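Have a look at data-v7.cif; it's mmCIF, C-alpha atoms and all ligand atoms:
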```
data_data
#
loop_
_atom_site.label_atom_id
_atom_site.label_comp_id
_atom_site.auth_asym_id
_atom_site.auth_seq_id
_atom_site.Cartn_x
_atom_site.Cartn_y
_atom_site.Cartn_z
CA MET A 1 18.87 -4.41 7.56
CA ASN A 2 18.02 -3.28 4.05
CA GLU A 3 20.61 -0.53 4.04
CA GLY A 4 20.49 -0.52 0.27
CA ARG A 5 17.01 0.93 0.30
CA PHE A 6 18.30 4.21 1.62
CA SER A 7 21.49 4.47 -0.39
CA GLY A 8 22.66 3.79 -3.93
CA GLU A 9 19.68 5.75 -5.15
CA ALA A 10 18.77 3.90 -8.35
CA SER A 11 19.91 0.48 -7.21
CA ASN A 12 16.45 -0.90 -6.64
CA VAL A 13 15.08 0.31 -9.94
CA GLY A 14 15.04 -2.39 -12.55
CA THR A 15 12.88 -4.39 -14.86
CA VAL A 16 9.52 -5.74 -13.84
CA GLY A 17 9.41 -9.48 -13.70
CA VAL A 18 13.10 -10.17 -13.18
CA ARG A 19 12.25 -11.37 -9.70
CA THR A 20 11.41 -14.87 -10.95
CA GLN A 21 14.87 -16.17 -10.12
CA THR A 22 14.79 -14.89 -6.58
CA ALA A 23 11.09 -15.48 -6.06
CA PRO A 24 11.30 -18.79 -4.19
CA SER A 25 13.22 -17.21 -1.33
CA ARG A 26 10.82 -14.30 -1.24
CA PHE A 27 7.59 -16.26 -0.92
CA GLY A 28 6.06 -18.29 1.82
CA ASP A 29 9.17 -18.21 3.96
CA GLY A 30 7.22 -16.84 6.89
CA GLU A 31 9.37 -13.74 7.10
CA PRO A 32 7.14 -11.00 8.50
CA ILE A 33 7.06 -7.84 6.40
CA VAL A 34 4.71 -5.95 8.64
CA GLU A 35 4.15 -6.43 12.35
CA ALA A 36 1.92 -4.55 14.74
CA ILE A 37 2.50 -5.12 18.43
CA ASP A 38 -0.10 -4.04 20.99
CA LEU A 39 -1.07 -1.21 18.69
CA ASN A 40 -3.42 1.51 19.94
CA ARG A 41 -4.52 4.82 18.50
CA ASP A 42 -6.76 7.07 20.55
CA TYR A 43 -8.27 10.31 19.35
CA PRO A 44 -9.21 12.68 22.14
CA ILE A 45 -12.47 14.41 21.28
CA GLY A 46 -13.38 17.05 23.83
CA ASP A 47 -13.65 15.26 27.14
CA SER A 48 -13.92 11.81 25.64
CA VAL A 49 -11.65 9.52 23.65
CA VAL A 50 -12.26 7.53 20.47
CA HIS A 51 -10.32 4.25 20.53
CA ALA A 52 -9.88 4.08 16.76
CA VAL A 53 -7.43 1.16 16.94
CA ARG A 54 -7.18 -1.01 20.03
CA ALA A 55 -4.76 -3.72 21.09
CA ILE A 56 -3.99 -4.90 17.57
CA ASN A 57 -1.38 -7.59 17.11
CA LEU A 58 -0.68 -8.55 13.56
CA SER A 59 1.99 -10.18 11.45
CA VAL A 60 1.84 -10.37 7.68
CA GLY A 61 4.42 -12.37 5.74
CA ARG A 62 6.14 -11.61 2.48
CA GLY A 63 3.94 -12.24 -0.52
CA GLU A 64 0.76 -12.26 1.55
CA LEU A 65 -2.39 -10.33 0.62
CA VAL A 66 -4.49 -9.52 3.67
CA ALA A 67 -7.91 -7.90 3.45
CA VAL A 68 -9.12 -5.78 6.37
CA ARG A 69 -12.87 -5.45 6.49
CA GLY A 70 -15.29 -3.84 8.84
CA ARG A 71 -17.96 -1.26 8.58
CA SER A 72 -17.36 2.45 8.26
CA GLY A 73 -15.72 3.78 11.42
CA SER A 74 -14.30 0.41 12.48
CA GLY A 75 -10.71 1.67 12.24
CA LYS A 76 -9.51 0.41 8.84
CA THR A 77 -8.03 3.70 7.65
CA THR A 78 -6.45 4.40 11.04
CA LEU A 79 -4.80 0.97 11.03
CA LEU A 80 -3.43 1.38 7.50
CA ASN A 81 -2.12 4.87 8.29
CA LEU A 82 -0.34 3.52 11.37
CA LEU A 83 1.19 0.65 9.39
CA GLY A 84 2.47 3.05 6.74
CA GLY A 85 3.80 5.70 9.09
CA LEU A 86 1.22 8.32 8.09
CA ASP A 87 0.00 8.40 11.67
CA ARG A 88 1.63 7.63 15.01
CA PRO A 89 0.33 5.11 17.53
CA THR A 90 -0.75 6.25 20.98
CA SER A 91 1.04 3.11 22.18
CA GLY A 92 2.49 -0.01 20.64
CA ARG A 93 4.87 -0.62 17.79
CA VAL A 94 4.86 -1.02 14.03
CA ILE A 95 7.72 -2.77 12.25
CA VAL A 96 7.90 -2.85 8.46
CA ASP A 97 10.55 -4.96 6.74
CA GLY A 98 12.75 -4.68 9.82
CA HIS A 99 12.30 -0.92 10.26
CA GLU A 100 10.57 0.26 13.42
CA VAL A 101 8.27 2.79 11.81
CA SER A 102 6.66 3.77 15.10
CA ALA A 103 10.03 4.98 16.44
CA MET A 104 11.04 7.09 13.45
CA ASP A 105 11.38 10.81 13.16
CA GLU A 106 9.77 12.67 10.27
CA SER A 107 12.76 12.52 7.92
CA GLU A 108 13.09 8.77 8.42
CA LEU A 109 9.38 8.40 7.74
CA VAL A 110 9.77 10.31 4.49
CA ALA A 111 12.45 7.83 3.41
CA ILE A 112 10.26 4.87 4.40
CA ARG A 113 7.32 6.28 2.44
CA ARG A 114 9.51 6.67 -0.63
CA ARG A 115 11.16 3.28 -0.56
CA VAL A 116 9.50 0.72 1.64
CA VAL A 117 5.78 1.46 1.90
CA ALA A 118 3.40 2.55 -0.84
CA PHE A 119 -0.22 3.66 -0.62
CA VAL A 120 -3.17 3.36 -2.96
CA PHE A 121 -6.27 5.38 -2.08
CA GLN A 122 -9.92 5.21 -3.00
CA ALA A 123 -9.73 8.57 -4.79
CA PHE A 124 -6.67 7.54 -6.90
CA GLY A 125 -4.72 10.70 -6.00
CA LEU A 126 -3.09 11.26 -9.38
CA VAL A 127 -1.60 14.62 -10.30
CA PRO A 128 -4.21 15.97 -12.76
CA PHE A 129 -1.90 17.84 -15.12
CA LEU A 130 0.60 14.99 -15.49
CA THR A 131 0.28 12.14 -18.01
CA ALA A 132 0.07 8.52 -16.89
CA THR A 133 3.80 8.16 -17.55
CA GLU A 134 4.65 11.31 -15.62
CA ASN A 135 2.50 10.27 -12.66
CA VAL A 136 4.29 6.92 -12.44
CA GLU A 137 7.63 8.74 -12.75
CA VAL A 138 7.06 10.90 -9.67
CA PRO A 139 8.32 8.44 -7.04
CA LEU A 140 11.29 7.52 -9.24
CA ARG A 141 12.25 11.19 -9.58
CA LEU A 142 12.03 11.61 -5.83
CA VAL A 143 14.74 8.98 -5.38
CA HIS A 144 16.79 10.34 -8.30
CA ALA A 145 16.53 7.15 -10.33
CA GLU A 146 18.83 7.06 -13.32
CA PRO A 147 16.75 8.38 -16.28
CA ARG A 148 17.10 5.40 -18.60
CA GLU A 149 16.30 2.93 -15.82
CA ARG A 150 13.42 5.15 -14.80
CA ASP A 151 11.94 5.25 -18.30
CA ARG A 152 12.22 1.50 -18.59
CA ARG A 153 10.62 0.92 -15.21
CA VAL A 154 7.72 3.26 -16.03
CA ALA A 155 7.10 1.63 -19.42
CA ASP A 156 7.22 -1.84 -17.83
CA LEU A 157 4.83 -0.85 -15.06
CA LEU A 158 2.31 0.63 -17.49
CA GLU A 159 2.44 -2.67 -19.39
CA VAL A 160 1.98 -4.65 -16.17
CA VAL A 161 -1.20 -2.72 -15.37
CA GLY A 162 -2.38 -2.97 -18.99
CA LEU A 163 -2.02 0.69 -19.90
CA GLY A 164 0.85 0.62 -22.37
CA ASP A 165 -1.38 2.40 -24.88
CA ARG A 166 -2.52 5.10 -22.46
CA ALA A 167 0.90 6.38 -21.44
CA ARG A 168 0.31 9.95 -22.64
CA HIS A 169 -3.20 10.32 -21.31
CA ARG A 170 -3.91 12.63 -18.42
CA PRO A 171 -6.16 11.44 -15.58
CA HIS A 172 -9.29 13.16 -16.97
CA GLU A 173 -8.75 11.24 -20.21
CA LEU A 174 -8.83 7.92 -18.36
CA SER A 175 -11.67 5.89 -16.82
CA GLY A 176 -11.79 5.37 -13.06
CA GLY A 177 -10.43 1.86 -13.42
CA GLU A 178 -7.61 3.11 -15.63
CA GLN A 179 -6.77 5.87 -13.15
CA GLN A 180 -6.54 3.30 -10.37
CA ARG A 181 -4.22 1.20 -12.58
CA VAL A 182 -1.95 4.23 -12.95
CA ALA A 183 -2.06 4.72 -9.17
CA LEU A 184 -1.08 1.06 -8.71
CA ALA A 185 1.80 1.41 -11.16
CA ARG A 186 2.95 4.54 -9.33
CA ALA A 187 2.76 2.75 -5.98
CA LEU A 188 4.98 -0.05 -7.30
CA ALA A 189 7.57 2.20 -8.92
CA ASN A 190 10.18 1.98 -6.17
CA ARG A 191 9.56 -1.70 -5.44
CA PRO A 192 7.98 -1.27 -2.03
CA SER A 193 7.98 -4.13 0.45
CA LEU A 194 4.51 -3.22 1.63
CA LEU A 195 1.53 -1.97 -0.37
CA LEU A 196 -1.31 -0.44 1.64
CA ALA A 197 -4.58 0.10 -0.22
CA ASP A 198 -7.48 1.90 1.42
CA GLU A 199 -10.75 0.89 -0.27
CA PRO A 200 -9.08 0.89 -3.69
CA THR A 201 -12.28 -0.16 -5.46
CA GLY A 202 -14.58 2.13 -3.49
CA GLN A 203 -15.16 4.49 -6.43
CA LEU A 204 -15.39 1.82 -9.11
CA ASP A 205 -18.30 -0.21 -10.42
CA SER A 206 -18.19 -3.83 -9.31
CA ASP A 207 -16.87 -5.28 -12.58
CA THR A 208 -14.04 -2.75 -12.74
CA GLY A 209 -13.37 -3.27 -9.05
CA HIS A 210 -13.06 -6.99 -9.66
CA VAL A 211 -10.50 -6.44 -12.42
CA ILE A 212 -8.46 -4.14 -10.17
CA MET A 213 -8.52 -6.71 -7.37
CA GLN A 214 -7.35 -9.47 -9.71
CA LEU A 215 -4.59 -7.16 -10.90
CA LEU A 216 -3.58 -6.44 -7.32
CA ARG A 217 -3.55 -10.16 -6.60
CA SER A 218 -1.31 -10.93 -9.57
CA ILE A 219 1.02 -8.01 -8.78
CA VAL A 220 1.50 -9.16 -5.20
CA ARG A 221 2.62 -12.50 -6.64
CA SER A 222 4.75 -11.26 -9.52
CA GLU A 223 6.48 -8.50 -7.56
CA GLY A 224 6.84 -10.53 -4.37
CA ILE A 225 5.38 -7.79 -2.21
CA THR A 226 2.99 -7.80 0.73
CA ALA A 227 -0.37 -6.05 0.62
CA VAL A 228 -2.86 -4.97 3.26
CA VAL A 229 -6.12 -3.84 1.70
CA ALA A 230 -9.02 -2.22 3.51
CA THR A 231 -12.26 -3.05 1.75
CA HIS A 232 -15.85 -4.13 2.00
CA ASP A 233 -15.73 -5.35 -1.56
CA PRO A 234 -16.68 -9.06 -1.77
CA ALA A 235 -14.45 -9.37 -4.86
CA MET A 236 -11.46 -8.47 -2.72
CA LEU A 237 -12.37 -10.94 -0.07
CA ASP A 238 -12.21 -13.68 -2.74
CA VAL A 239 -8.61 -12.95 -3.67
CA ALA A 240 -7.23 -12.37 -0.17
CA ASP A 241 -5.02 -14.94 1.54
CA ARG A 242 -6.44 -13.87 4.87
CA ILE A 243 -9.29 -11.66 6.05
CA LEU A 244 -9.17 -9.61 9.22
CA GLU A 245 -12.41 -8.28 10.60
CA LEU A 246 -12.27 -5.03 12.55
CA ARG A 247 -14.95 -3.96 14.98
CA ASP A 248 -14.61 -0.81 17.07
CA GLY A 249 -10.88 -0.75 16.37
CA ALA A 250 -10.17 -4.33 17.42
CA ILE A 251 -9.64 -7.47 15.35
CA VAL A 252 -12.52 -9.85 15.88
CA GLY A 253 -11.84 -12.43 13.19
CA GLY A 254 -9.14 -13.73 10.85
P1 LIG B 1 -12.82 3.28 8.77
O1 LIG B 1 -11.70 3.55 7.84
O2 LIG B 1 -12.99 1.83 9.10
O3 LIG B 1 -14.10 3.87 8.28
P2 LIG B 1 -11.47 5.15 10.55
O4 LIG B 1 -10.15 4.55 10.84
O5 LIG B 1 -11.53 6.24 9.55
O6 LIG B 1 -12.50 3.97 10.17
O7 LIG B 1 -12.10 5.70 11.91
C1 LIG B 1 -12.11 4.95 13.10
C2 LIG B 1 -12.70 5.79 14.21
O8 LIG B 1 -11.80 6.84 14.54
C3 LIG B 1 -14.01 6.45 13.85
O9 LIG B 1 -14.82 6.44 15.00
C4 LIG B 1 -13.61 7.84 13.47
O10 LIG B 1 -14.65 8.74 13.73
C5 LIG B 1 -12.42 8.10 14.39
N1 LIG B 1 -11.43 9.01 13.79
C6 LIG B 1 -10.74 8.79 12.65
N2 LIG B 1 -9.88 9.80 12.41
C7 LIG B 1 -10.07 10.70 13.40
C8 LIG B 1 -9.48 11.97 13.73
N3 LIG B 1 -8.52 12.51 12.97
N4 LIG B 1 -9.92 12.60 14.84
C9 LIG B 1 -10.86 12.04 15.61
N5 LIG B 1 -11.45 10.86 15.39
C10 LIG B 1 -11.06 10.19 14.29
MG MG B 2 -11.66 4.39 5.94
#
```

Take the structure I supplied and represent it as structure tokens, if you would.
Amino acid sequence: MNEGRFSGEASNVGTVGVRTQTAPSRFGDGEPIVEAIDLNRDYPIGDSVVHAVRAINLSVGRGELVAVRGRSGSGKTTLLNLLGGLDRPTSGRVIVDGHEVSAMDESELVAIRRRVVAFVFQAFGLVPFLTATENVEVPLRLVHAEPRERDRRVADLLEVVGLGDRARHRPHELSGGEQQRVALARALANRPSLLLADEPTGQLDSDTGHVIMQLLRSIVRSEGITAVVATHDPAMLDVADRILELRDGAIVGG
């Protein structure tokens, strides 16, 4: 499944928005993009064990935006890291767009993180000495995208996130909200199937956070991707299709 994602390097680099023709088959068809099956992650601490994620079963369909809420320490970050292959489960399985992430070796995980899964973090994580354009280019360079396609994709993405006029700014020349827009554009560069965002509005004021959430909502629709967003932000909860509540590592609602 999805062989093309790992070959034909630049084949999945194209113009933003051209998905409209294929969109109907990509939305609401119930096809799961991310599945967690009996997922557990324990952290041994001295003689005891923290059950950071326990017995989670989850299926999120294409085009769905799921918010994961729960107070600090409830397991949100651990769950997102497991879904994206940044961490390995103690037991259970994770399947993303048909790939069994939980069974992969490190080189396969690298490929998945370049092509299939993308992360957005609270602290933006931009490279400080690169411009907005260059930051968005990074993932495209990693997959050796053809330069003209790459330039077009970057320009389109900066337009999508409303930063066409900030392309040559470096992160310190951008507001927090603008930096998070660049991070979103970068995350989308290689057309991931799954976007994982860990408290993406945590460092933003509430108005800016709201704008970022609306942007995320519209991107999930226009790009036909699936998003799982950890947040306590009420603005996020408004735009989510579904809300999962975590308590002590387990899902208690949603
Ligand atoms: P949240 O993102 O909801 O704040 P986390 O997933 O970061 O929660 O943490 C869940 C639990 O796992 C917490 O009790 C935390 O202390 C523990 N934990 C997280 N990462 C580690 C780690 N690397 N080693 C030990 N315990 C950890
Ligand atoms: Mg966290």

Requested in this report: Using only C-alpha atoms, determine which residues lie at most 12 Å from His172 (chain A), disregarding the query and same-chain residues fewer than 3 positions distant; provide the list as a count of residues only.
Outcome: 16

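We find atom O2 of ligand LIG 1 (chain B) and CA of Arg69 (chain A) to be spaced 7.7 Å apart.
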
Mind working out the centre and edge lengths of an axis-aligned box for region 48-67 of chain A, all listed atoms inside, 4 Å added to each side, rounded to one decimal in Å and written as JSON?
```
{"center_x": -3.9, "center_y": -0.3, "center_z": 12.6, "size_x": 28.1, "size_y": 32.2, "size_z": 34.2}
```

I'd like the neighbourhood of region 158-163 of chain A as a ChimeraX atom specification, where a residue qualifies if any of its atoms comes within 12 Å (using all atoms listed in the file), though same-chain residues fewer than 3 positions away should be ignored. /A:15-17,131-137,151-155,166-169,174-175,177-189,211-220,222-223

Report as CSV: every residue of chain A with an atom at most 9 Å from ligand LIG 1 (chain B), its closest pair of atoms, and their distance in Å to one decimal, counting all atoms listed in the file, with rows sorted by chain and ascending residue number.
```
residue,atom,partner,partner_atom,distance
A:Arg41,CA,B:LIG1,O8,8.5
A:Asp42,CA,B:LIG1,O8,7.8
A:Tyr43,CA,B:LIG1,C9,4.9
A:Pro44,CA,B:LIG1,C9,6.8
A:Ile45,CA,B:LIG1,C9,6.4
A:Val49,CA,B:LIG1,N5,8.4
A:Val50,CA,B:LIG1,O8,6.0
A:His51,CA,B:LIG1,O8,6.7
A:Ala52,CA,B:LIG1,O8,4.0
A:Val53,CA,B:LIG1,C1,7.1
A:Val68,CA,B:LIG1,O2,9.0
A:Arg69,CA,B:LIG1,O2,7.7
A:Gly70,CA,B:LIG1,O2,6.1
A:Arg71,CA,B:LIG1,O2,5.9
A:Ser72,CA,B:LIG1,O3,3.6
A:Gly73,CA,B:LIG1,O6,3.5
A:Ser74,CA,B:LIG1,O2,3.9
A:Gly75,CA,B:LIG1,O4,3.3
A:Lys76,CA,B:LIG1,O2,3.8
A:Thr77,CA,B:LIG1,O1,3.7
A:Thr78,CA,B:LIG1,O4,3.7
A:Leu79,CA,B:LIG1,O4,6.4
A:Leu80,CA,B:LIG1,O4,8.1
A:Asn81,CA,B:LIG1,O4,8.4
A:Asp198,CA,B:LIG1,O1,7.9
A:Glu199,CA,B:LIG1,O1,8.6
A:Ala230,CA,B:LIG1,O1,7.7
A:Thr231,CA,B:LIG1,O2,8.9
A:Leu246,CA,B:LIG1,O2,7.7
A:Arg247,CA,B:LIG1,O2,8.5
A:Asp248,CA,B:LIG1,C1,7.4
A:Gly249,CA,B:LIG1,C1,6.7
```

note - CA of Leu195 (chain A) and CA of Asp156 (chain A) are separated by 18.4 Å

**Q.** Among the residues A:Gln122, A:Ser193, A:Ser107, A:Ser59, the one that comes closest to Gly224 (chain A) [using all atoms listed in the file]
**A.**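 So, comparing all the options, the nearest one is A:Ser193.
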
query: CA of Arg93 (chain A) and CA of Gly63 (chain A), how far apart in Å?
result: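 Taking CA of Gly63 (chain A) as the start and CA of Arg93 (chain A) as the end point, the length is 21.7 Å.
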
| message | I'd like the neighbourhood of Leu83 (chain A) as JSON, numbers by chain, where a residue qualifies if any of its atoms comes within 8 Å (using all atoms listed in the file), though same-chain residues fewer than 5 positions away should be ignored. | response | {"A": [34, 36, 94, 95, 96, 101]}

Output file: region 213-244 of chain A, N, CA and C atoms, as an mmCIF file, in the first residue's frame:
```
data_model
loop_
_atom_site.group_PDB
_atom_site.id
_atom_site.type_symbol
_atom_site.label_atom_id
_atom_site.label_comp_id
_atom_site.auth_asym_id
_atom_site.auth_seq_id
_atom_site.Cartn_x
_atom_site.Cartn_y
_atom_site.Cartn_z
ATOM 1 N N MET A 213 -6.126 27.726 14.922
ATOM 2 C CA MET A 213 -7.041 26.587 14.920
ATOM 3 C C MET A 213 -7.960 26.582 13.708
ATOM 4 N N GLN A 214 -8.473 27.784 13.359
ATOM 5 C CA GLN A 214 -9.336 27.870 12.172
ATOM 6 C C GLN A 214 -8.545 27.497 10.919
ATOM 7 N N LEU A 215 -7.294 27.935 10.896
ATOM 8 C CA LEU A 215 -6.427 27.621 9.756
ATOM 9 C C LEU A 215 -6.209 26.107 9.664
ATOM 10 N N LEU A 216 -5.933 25.508 10.822
ATOM 11 C CA LEU A 216 -5.742 24.056 10.867
ATOM 12 C C LEU A 216 -6.999 23.342 10.367
ATOM 13 N N ARG A 217 -8.129 23.829 10.827
ATOM 14 C CA ARG A 217 -9.407 23.236 10.409
ATOM 15 C C ARG A 217 -9.551 23.308 8.891
ATOM 16 N N SER A 218 -9.280 24.479 8.308
ATOM 17 C CA SER A 218 -9.499 24.617 6.875
ATOM 18 C C SER A 218 -8.463 23.814 6.088
ATOM 19 N N ILE A 219 -7.245 23.685 6.639
ATOM 20 C CA ILE A 219 -6.209 22.909 5.945
ATOM 21 C C ILE A 219 -6.559 21.422 5.940
ATOM 22 N N VAL A 220 -7.078 20.938 7.052
ATOM 23 C CA VAL A 220 -7.465 19.525 7.103
ATOM 24 C C VAL A 220 -8.486 19.235 6.002
ATOM 25 N N ARG A 221 -9.403 20.201 5.791
ATOM 26 C CA ARG A 221 -10.396 20.026 4.724
ATOM 27 C C ARG A 221 -9.761 20.136 3.354
ATOM 28 N N SER A 222 -9.012 21.231 3.122
ATOM 29 C CA SER A 222 -8.544 21.496 1.757
ATOM 30 C C SER A 222 -7.481 20.492 1.325
ATOM 31 N N GLU A 223 -6.683 20.016 2.251
ATOM 32 C CA GLU A 223 -5.620 19.082 1.884
ATOM 33 C C GLU A 223 -6.054 17.629 2.048
ATOM 34 N N GLY A 224 -7.229 17.417 2.603
ATOM 35 C CA GLY A 224 -7.725 16.045 2.751
ATOM 36 C C GLY A 224 -6.865 15.201 3.671
ATOM 37 N N ILE A 225 -6.330 15.814 4.730
ATOM 38 C CA ILE A 225 -5.502 15.056 5.652
ATOM 39 C C ILE A 225 -6.262 14.809 6.950
ATOM 40 N N THR A 226 -5.633 14.093 7.844
ATOM 41 C CA THR A 226 -6.213 13.735 9.130
ATOM 42 C C THR A 226 -5.350 14.402 10.200
ATOM 43 N N ALA A 227 -5.989 14.954 11.229
ATOM 44 C CA ALA A 227 -5.197 15.618 12.265
ATOM 45 C C ALA A 227 -5.614 15.145 13.646
ATOM 46 N N VAL A 228 -4.614 14.927 14.487
ATOM 47 C CA VAL A 228 -4.843 14.651 15.907
ATOM 48 C C VAL A 228 -4.109 15.747 16.664
ATOM 49 N N VAL A 229 -4.858 16.492 17.466
ATOM 50 C CA VAL A 229 -4.330 17.701 18.093
ATOM 51 C C VAL A 229 -4.506 17.621 19.600
ATOM 52 N N ALA A 230 -3.402 17.644 20.319
ATOM 53 C CA ALA A 230 -3.472 17.694 21.781
ATOM 54 C C ALA A 230 -3.632 19.146 22.197
ATOM 55 N N THR A 231 -4.584 19.408 23.054
ATOM 56 C CA THR A 231 -4.845 20.804 23.424
ATOM 57 C C THR A 231 -5.702 20.898 24.670
ATOM 58 N N HIS A 232 -5.587 22.030 25.401
ATOM 59 C CA HIS A 232 -6.678 22.343 26.327
ATOM 60 C C HIS A 232 -7.382 23.608 25.869
ATOM 61 N N ASP A 233 -7.080 24.027 24.668
ATOM 62 C CA ASP A 233 -7.609 25.286 24.175
ATOM 63 C C ASP A 233 -9.079 25.132 23.775
ATOM 64 N N PRO A 234 -9.985 25.887 24.419
ATOM 65 C CA PRO A 234 -11.411 25.760 24.069
ATOM 66 C C PRO A 234 -11.667 26.069 22.594
ATOM 67 N N ALA A 235 -10.846 26.947 21.990
ATOM 68 C CA ALA A 235 -11.045 27.279 20.577
ATOM 69 C C ALA A 235 -10.860 26.048 19.703
ATOM 70 N N MET A 236 -9.928 25.187 20.112
ATOM 71 C CA MET A 236 -9.674 23.972 19.346
ATOM 72 C C MET A 236 -10.842 23.022 19.472
ATOM 73 N N LEU A 237 -11.375 22.972 20.672
ATOM 74 C CA LEU A 237 -12.448 22.021 20.912
ATOM 75 C C LEU A 237 -13.658 22.364 20.043
ATOM 76 N N ASP A 238 -13.812 23.676 19.722
ATOM 77 C CA ASP A 238 -14.914 24.092 18.846
ATOM 78 C C ASP A 238 -14.773 23.567 17.421
ATOM 79 N N VAL A 239 -13.553 23.481 16.927
ATOM 80 C CA VAL A 239 -13.390 23.116 15.518
ATOM 81 C C VAL A 239 -13.168 21.616 15.308
ATOM 82 N N ALA A 240 -13.030 20.866 16.403
ATOM 83 C CA ALA A 240 -12.758 19.433 16.258
ATOM 84 C C ALA A 240 -14.010 18.668 15.831
ATOM 85 N N ASP A 241 -13.810 17.614 15.049
ATOM 86 C CA ASP A 241 -14.913 16.714 14.708
ATOM 87 C C ASP A 241 -15.240 15.820 15.891
ATOM 88 N N ARG A 242 -14.225 15.565 16.715
ATOM 89 C CA ARG A 242 -14.383 14.614 17.810
ATOM 90 C C ARG A 242 -13.399 15.011 18.900
ATOM 91 N N ILE A 243 -13.788 14.821 20.143
ATOM 92 C CA ILE A 243 -12.905 15.152 21.262
ATOM 93 C C ILE A 243 -12.684 13.894 22.090
ATOM 94 N N LEU A 244 -11.419 13.581 22.316
ATOM 95 C CA LEU A 244 -11.082 12.466 23.200
ATOM 96 C C LEU A 244 -10.548 13.038 24.491
#
```
